[in-house]
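Here is start_15.txt, consisting of compact mmCIF, C-alpha atoms:
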```
# COMPACT_ATOMS: atom_id res chain seq x y z
CA VAL A 1 -127.63 -109.99 139.17
CA GLY A 2 -125.38 -112.10 136.99
CA PHE A 3 -122.68 -114.73 136.69
CA GLU A 4 -118.95 -114.67 136.01
CA ALA A 5 -117.63 -117.18 133.48
CA LEU A 6 -114.79 -119.25 134.94
CA ALA A 7 -112.43 -121.40 132.89
CA ARG A 8 -112.16 -125.01 134.09
CA TRP A 9 -110.27 -127.92 132.55
CA ASN A 10 -110.89 -131.54 133.45
CA ASN A 11 -108.28 -133.55 131.55
CA PRO A 12 -109.23 -137.23 131.03
CA THR A 13 -105.67 -138.34 131.73
CA ILE A 14 -104.43 -136.14 134.56
CA GLY A 15 -107.70 -134.91 136.02
CA PRO A 16 -108.60 -131.33 136.98
CA VAL A 17 -106.08 -128.66 135.96
CA SER A 18 -106.30 -125.31 137.73
CA PRO A 19 -106.67 -122.14 135.62
CA ALA A 20 -103.81 -120.77 137.73
CA GLU A 21 -101.70 -123.33 135.85
CA PHE A 22 -103.10 -123.51 132.32
CA ILE A 23 -103.88 -119.79 131.76
CA PRO A 24 -100.25 -118.61 132.32
CA ILE A 25 -99.02 -121.48 130.13
CA ALA A 26 -101.44 -120.46 127.36
CA GLU A 27 -100.20 -116.86 127.69
CA ARG A 28 -96.54 -117.87 127.47
CA ALA A 29 -97.29 -120.15 124.51
CA GLY A 30 -99.04 -117.31 122.68
CA ILE A 31 -102.37 -119.15 122.36
CA ILE A 32 -104.40 -117.37 125.02
CA SER A 33 -106.46 -115.43 122.47
CA ARG A 34 -107.52 -118.69 120.80
CA LEU A 35 -108.57 -119.95 124.23
CA THR A 36 -110.42 -116.69 124.88
CA GLY A 37 -112.37 -117.09 121.66
CA THR A 38 -113.47 -120.64 122.48
CA LEU A 39 -114.44 -119.80 126.07
CA LEU A 40 -116.29 -116.62 125.08
CA GLN A 41 -118.38 -118.53 122.53
CA GLN A 42 -119.29 -121.12 125.19
CA ALA A 43 -120.13 -118.47 127.78
CA LEU A 44 -122.30 -116.42 125.42
CA SER A 45 -124.13 -119.55 124.28
CA ALA A 46 -124.97 -120.43 127.89
CA ALA A 47 -125.92 -116.87 128.85
CA ALA A 48 -128.25 -116.56 125.87
CA THR A 49 -130.66 -118.92 127.66
CA TRP A 50 -130.84 -116.76 130.82
CA PRO A 51 -133.49 -114.16 131.68
CA ASP A 52 -132.73 -110.81 130.07
CA ASP A 53 -131.98 -109.09 133.40
CA LEU A 54 -128.97 -111.34 134.18
CA ARG A 55 -125.49 -110.15 133.24
CA LEU A 56 -122.44 -112.10 132.14
CA SER A 57 -118.90 -111.22 133.25
CA PHE A 58 -115.98 -112.51 131.22
CA ASN A 59 -112.26 -112.17 131.93
CA LEU A 60 -109.85 -110.92 129.28
CA SER A 61 -106.11 -111.54 129.40
CA ALA A 62 -103.63 -108.70 129.03
CA HIS A 63 -102.65 -110.42 125.77
CA ASP A 64 -106.23 -110.09 124.52
CA LEU A 65 -105.96 -106.32 124.95
CA ALA A 66 -102.47 -106.00 123.49
CA LEU A 67 -103.40 -106.28 119.80
CA PRO A 68 -106.33 -104.66 117.97
CA GLU A 69 -106.98 -107.86 116.00
CA ASN A 70 -107.68 -109.71 119.26
CA LEU A 71 -110.40 -107.21 120.12
CA VAL A 72 -111.82 -107.51 116.61
CA GLN A 73 -112.09 -111.27 117.21
CA VAL A 74 -113.97 -110.63 120.47
CA ALA A 75 -116.32 -108.19 118.73
CA GLY A 76 -117.00 -110.67 115.93
CA ILE A 77 -117.83 -113.48 118.35
CA LEU A 78 -120.15 -111.18 120.27
CA ARG A 79 -121.91 -109.97 117.11
CA ARG A 80 -122.43 -113.48 115.75
CA SER A 81 -123.78 -114.69 119.10
CA GLY A 82 -126.67 -112.22 119.06
CA PHE A 83 -126.10 -111.58 122.78
CA ASP A 84 -126.85 -108.02 123.87
CA PRO A 85 -123.44 -106.38 124.56
CA ARG A 86 -125.09 -104.19 127.20
CA ARG A 87 -125.45 -107.34 129.33
CA LEU A 88 -121.75 -108.22 129.03
CA ASP A 89 -119.00 -107.01 131.37
CA MET A 90 -115.42 -107.57 130.25
CA GLU A 91 -113.10 -107.88 133.23
CA ILE A 92 -109.50 -106.71 133.11
CA THR A 93 -106.92 -106.66 135.90
CA GLU A 94 -104.61 -103.92 137.09
CA THR A 95 -101.58 -105.96 135.99
CA THR A 96 -102.72 -105.32 132.41
CA PHE A 97 -101.31 -101.80 132.71
CA ALA A 98 -97.79 -103.19 133.04
CA PHE A 99 -97.85 -103.96 129.31
CA ASP A 100 -98.84 -100.93 127.22
CA PRO A 101 -101.05 -98.39 129.04
CA GLN A 102 -102.02 -96.56 125.86
CA GLN A 103 -103.05 -99.76 124.10
CA VAL A 104 -105.04 -100.80 127.18
CA GLN A 105 -106.87 -97.48 127.04
CA ASN A 106 -107.55 -97.93 123.32
CA SER A 107 -108.88 -101.43 123.98
CA VAL A 108 -111.14 -100.31 126.81
CA ASN A 109 -112.48 -97.51 124.63
CA PHE A 110 -113.19 -100.05 121.88
CA LEU A 111 -115.07 -102.37 124.25
CA ARG A 112 -117.19 -99.48 125.47
CA GLU A 113 -117.90 -98.39 121.89
CA ILE A 114 -119.33 -101.80 121.01
CA GLY A 115 -121.58 -101.60 124.05
CA CYS A 116 -119.83 -103.76 126.68
CA GLY A 117 -119.26 -102.79 130.28
CA VAL A 118 -115.67 -102.91 131.53
CA ALA A 119 -114.82 -103.96 135.08
CA LEU A 120 -111.45 -103.52 136.75
CA ASP A 121 -110.90 -106.80 138.59
CA ASP A 122 -108.88 -107.44 141.78
CA PHE A 123 -108.74 -103.70 142.44
CA GLY A 124 -106.18 -102.67 145.05
CA THR A 125 -103.59 -105.35 144.33
CA GLY A 126 -101.96 -104.23 141.08
CA TYR A 127 -100.24 -101.34 139.36
CA SER A 128 -102.95 -98.85 138.47
CA SER A 129 -102.86 -95.27 139.67
CA LEU A 130 -105.88 -93.10 140.34
CA SER A 131 -104.88 -90.84 137.46
CA ARG A 132 -104.90 -93.81 135.09
CA LEU A 133 -108.27 -94.95 136.42
CA HIS A 134 -109.64 -91.49 135.78
CA ALA A 135 -108.75 -91.81 132.10
CA LEU A 136 -110.52 -95.13 131.54
CA PRO A 137 -114.25 -95.37 130.78
CA LEU A 138 -114.81 -98.15 133.32
CA THR A 139 -118.25 -99.23 134.51
CA LYS A 140 -117.31 -101.35 137.54
CA LEU A 141 -114.63 -101.83 140.18
CA LYS A 142 -114.18 -105.23 141.80
CA ILE A 143 -112.50 -105.13 145.21
CA ASP A 144 -110.06 -107.98 145.74
CA ARG A 145 -110.97 -110.65 148.30
CA SER A 146 -107.72 -110.02 150.21
CA PHE A 147 -109.45 -106.99 151.78
CA VAL A 148 -112.46 -109.07 152.84
CA MET A 149 -110.92 -111.99 154.70
CA ASN A 150 -111.47 -111.45 158.46
CA ILE A 151 -112.77 -107.94 157.75
CA GLU A 152 -114.92 -108.18 160.89
CA HIS A 153 -111.70 -108.26 162.94
CA ASN A 154 -109.61 -105.85 160.88
CA PRO A 155 -110.37 -102.10 161.09
CA ALA A 156 -107.78 -101.35 158.39
CA SER A 157 -109.62 -103.56 155.91
CA CYS A 158 -112.86 -101.76 156.78
CA ASP A 159 -111.25 -98.40 156.09
CA ILE A 160 -109.84 -99.57 152.75
CA VAL A 161 -113.13 -101.04 151.55
CA ARG A 162 -115.03 -97.93 152.68
CA SER A 163 -112.61 -95.73 150.74
CA LEU A 164 -112.88 -97.84 147.60
CA VAL A 165 -116.68 -97.88 147.81
CA ASN A 166 -116.67 -94.09 148.10
CA LEU A 167 -114.24 -93.82 145.19
CA SER A 168 -116.54 -95.97 143.07
CA ARG A 169 -119.55 -93.90 144.02
CA ASP A 170 -117.75 -90.64 143.22
CA ARG A 171 -116.86 -92.02 139.79
CA GLN A 172 -120.39 -93.38 139.30
CA LEU A 173 -119.12 -96.95 139.04
CA ASP A 174 -120.72 -100.10 140.36
CA CYS A 175 -118.60 -101.66 143.11
CA ILE A 176 -118.45 -105.43 143.58
CA VAL A 177 -116.68 -107.02 146.55
CA GLU A 178 -115.17 -110.41 145.75
CA GLY A 179 -114.59 -113.46 147.89
CA VAL A 180 -117.44 -113.08 150.40
CA GLU A 181 -117.70 -116.39 152.22
CA THR A 182 -119.33 -115.77 155.62
CA LEU A 183 -122.38 -114.01 157.01
CA GLN A 184 -120.07 -112.04 159.31
CA GLU A 185 -118.19 -110.62 156.33
CA LEU A 186 -121.46 -109.77 154.61
CA ALA A 187 -122.79 -107.99 157.71
CA VAL A 188 -119.73 -105.71 157.82
CA LEU A 189 -119.98 -105.00 154.08
CA ARG A 190 -123.65 -104.04 154.47
CA GLN A 191 -122.59 -101.51 157.11
CA LEU A 192 -120.11 -100.10 154.59
CA ASP A 193 -122.94 -99.58 152.04
CA VAL A 194 -121.73 -102.37 149.76
CA ASN A 195 -124.63 -103.67 147.68
CA LEU A 196 -122.93 -106.01 145.18
CA VAL A 197 -120.87 -109.00 146.28
CA GLN A 198 -119.81 -112.35 144.93
CA GLY A 199 -118.39 -115.41 146.60
CA PHE A 200 -118.97 -118.84 148.08
CA LEU A 201 -121.52 -117.45 150.56
CA TYR A 202 -123.98 -117.36 147.66
CA SER A 203 -122.64 -120.21 145.57
CA PRO A 204 -119.49 -122.06 144.62
CA PRO A 205 -118.80 -122.25 140.87
CA MET A 206 -121.40 -124.32 139.03
CA GLU A 207 -121.80 -125.92 135.62
CA ALA A 208 -123.75 -123.91 133.04
CA ASP A 209 -126.60 -126.41 133.03
CA GLN A 210 -127.10 -125.85 136.78
CA VAL A 211 -127.78 -122.13 136.37
CA PRO A 212 -131.49 -122.25 135.42
CA ALA A 213 -132.44 -124.18 138.57
CA PHE A 214 -130.28 -121.92 140.74
```

Written form, structure tokens:
Amino acid sequence: VGFEALARWNNPTIGPVSPAEFIPIAERAGIISRLTGTLLQQALSAAATWPDDLRLSFNLSAHDLALPENLVQVAGILRRSGFDPRRLDMEITETTFAFDPQQVQNSVNFLREIGCGVALDDFGTGYSSLSRLHALPLTKLKIDRSFVMNIEHNPASCDIVRSLVNLSRDRQLDCIVEGVETLQELAVLRQLDVNLVQGFLYSPPMEADQVPAF
């Protein structure tokens, strides 16, 4: 169905640096939007070589949504790339709402106006309310992997995932379950009418040049 772009940094001096380390540092240093621009250009360049039915998902920081000029930068990069915005899903997290809910709504509206899909990532772990969700023109919900681990042994997790799948269906949103790693987890999710998943069961992260063969 598609691929999610993941930021990775292999430093020649200190080796691999986790995005859990360098993304928060870039946010605190006020340079995350510059990083977003570079990574988005790389991701769009790679995705431009894929078949037209494959989608690209790209994560935006709360800082990217906080200022209109940051969204203008994103729109300019997308326009210059020639990539069809209808194949692009911008992912935001619930923690984004802790900043400025009205600006987040304006930003989501802007992304939809230029043709992008908007996915709410890690759903169920953050600060969003159902009333706030109702106001956003989202296209996807992504259920956090914390609800998937050992789901075959946890009835409460089954109930939560079932409820979120039904919520997505009622709102006419695609629903993607993250972090699927075992056939047992997948079997339970199939029983819950989940039809979109991502995780190591299908593939660990890969380099862009490995995608065509995959």

Next on the checklist: With only C-alpha atoms as the counted atoms, please give the residues lying no more than 10 Å from range 86-91 of chain A, apart from itself and same-chain residues fewer than 4 positions off, as a VMD selection string.
Outcome noted: chain A and resid 2 4 44 47 52 to 61 78 108 111 to 112 114 to 122 138 to 142

Please provide the set of residues having any atom within 9 Å of range 143-158 of chain A, restricted to all atoms listed in the file, with same-chain residues fewer than 6 positions apart removed, written as a list in words.
Leu120, Asp121, Asp122, Phe123, Gly124, Thr125, Leu164, Val165, Cys175, Ile176, Val177, Glu178, Gly179, Val180, Glu181, Gln184, Glu185, Ala187, Val188, Leu189, Leu192 and Gly199 of chain A

In Å and to one decimal, CA of Asn11 in chain A is distant from CA of Thr38 in chain A by 16.6 Å

Exercise for the section: Quick one: everything within 12 Å of Pro51 in chain A, counting only C-alpha atoms, minus sequence neighbours fewer than 6 positions away in the same chain. Send it as a PyMOL selection string. Expected result: chain A and resi 1-3+83-84+87+211-212

Within 10 Å of file point (-124.4, -118.0, 124.1), counting all atoms listed in the file, expressed as a ChimeraX atom specification | /A:40-50,77-78,80-83

Counting all atoms listed in the file, closest pick from A:Leu167, A:Ser203, A:Thr182, A:Asn70 relative to Arg34 in chain A is A:Asn70

Rounded to one decimal place, report the CA of Gln73 in chain A-CA of Ala208 in chain A distance in Å.
->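 Between CA of Gln73 in chain A and CA of Ala208 in chain A the gap works out to 23.4 Å.
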
Next on the checklist: What does the structure give for the distance between CA of Val197 in chain A and CA of Asp174 in chain A, in Å to one decimal?
Outcome noted: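 Taking CA of Val197 in chain A as the start and CA of Asp174 in chain A as the end point, the length is 10.7 Å.
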
Enclosing box along x, y and z for every listed atom of range 141-159 of chain A, padded 5 Å each side, centre and size in Å, one decimal, as JSON:
```
{"center_x": -111.3, "center_y": -105.2, "center_z": 151.6, "size_x": 17.2, "size_y": 23.6, "size_z": 32.8}
```

*asked:* I need the residue nearest Leu183 in chain A from this list: A:Phe200, A:Thr36, A:Thr96, A:Glu69. Use all atoms listed in the file for the distance.
replied: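 Under the stated criterion, the closest residue is A:Phe200.
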
Nearest to Thr93 in chain A, restricted to all atoms listed in the file and choosing among A:Asp170, A:Glu113, A:Asp64, A:Gly30, comes out as A:Asp64
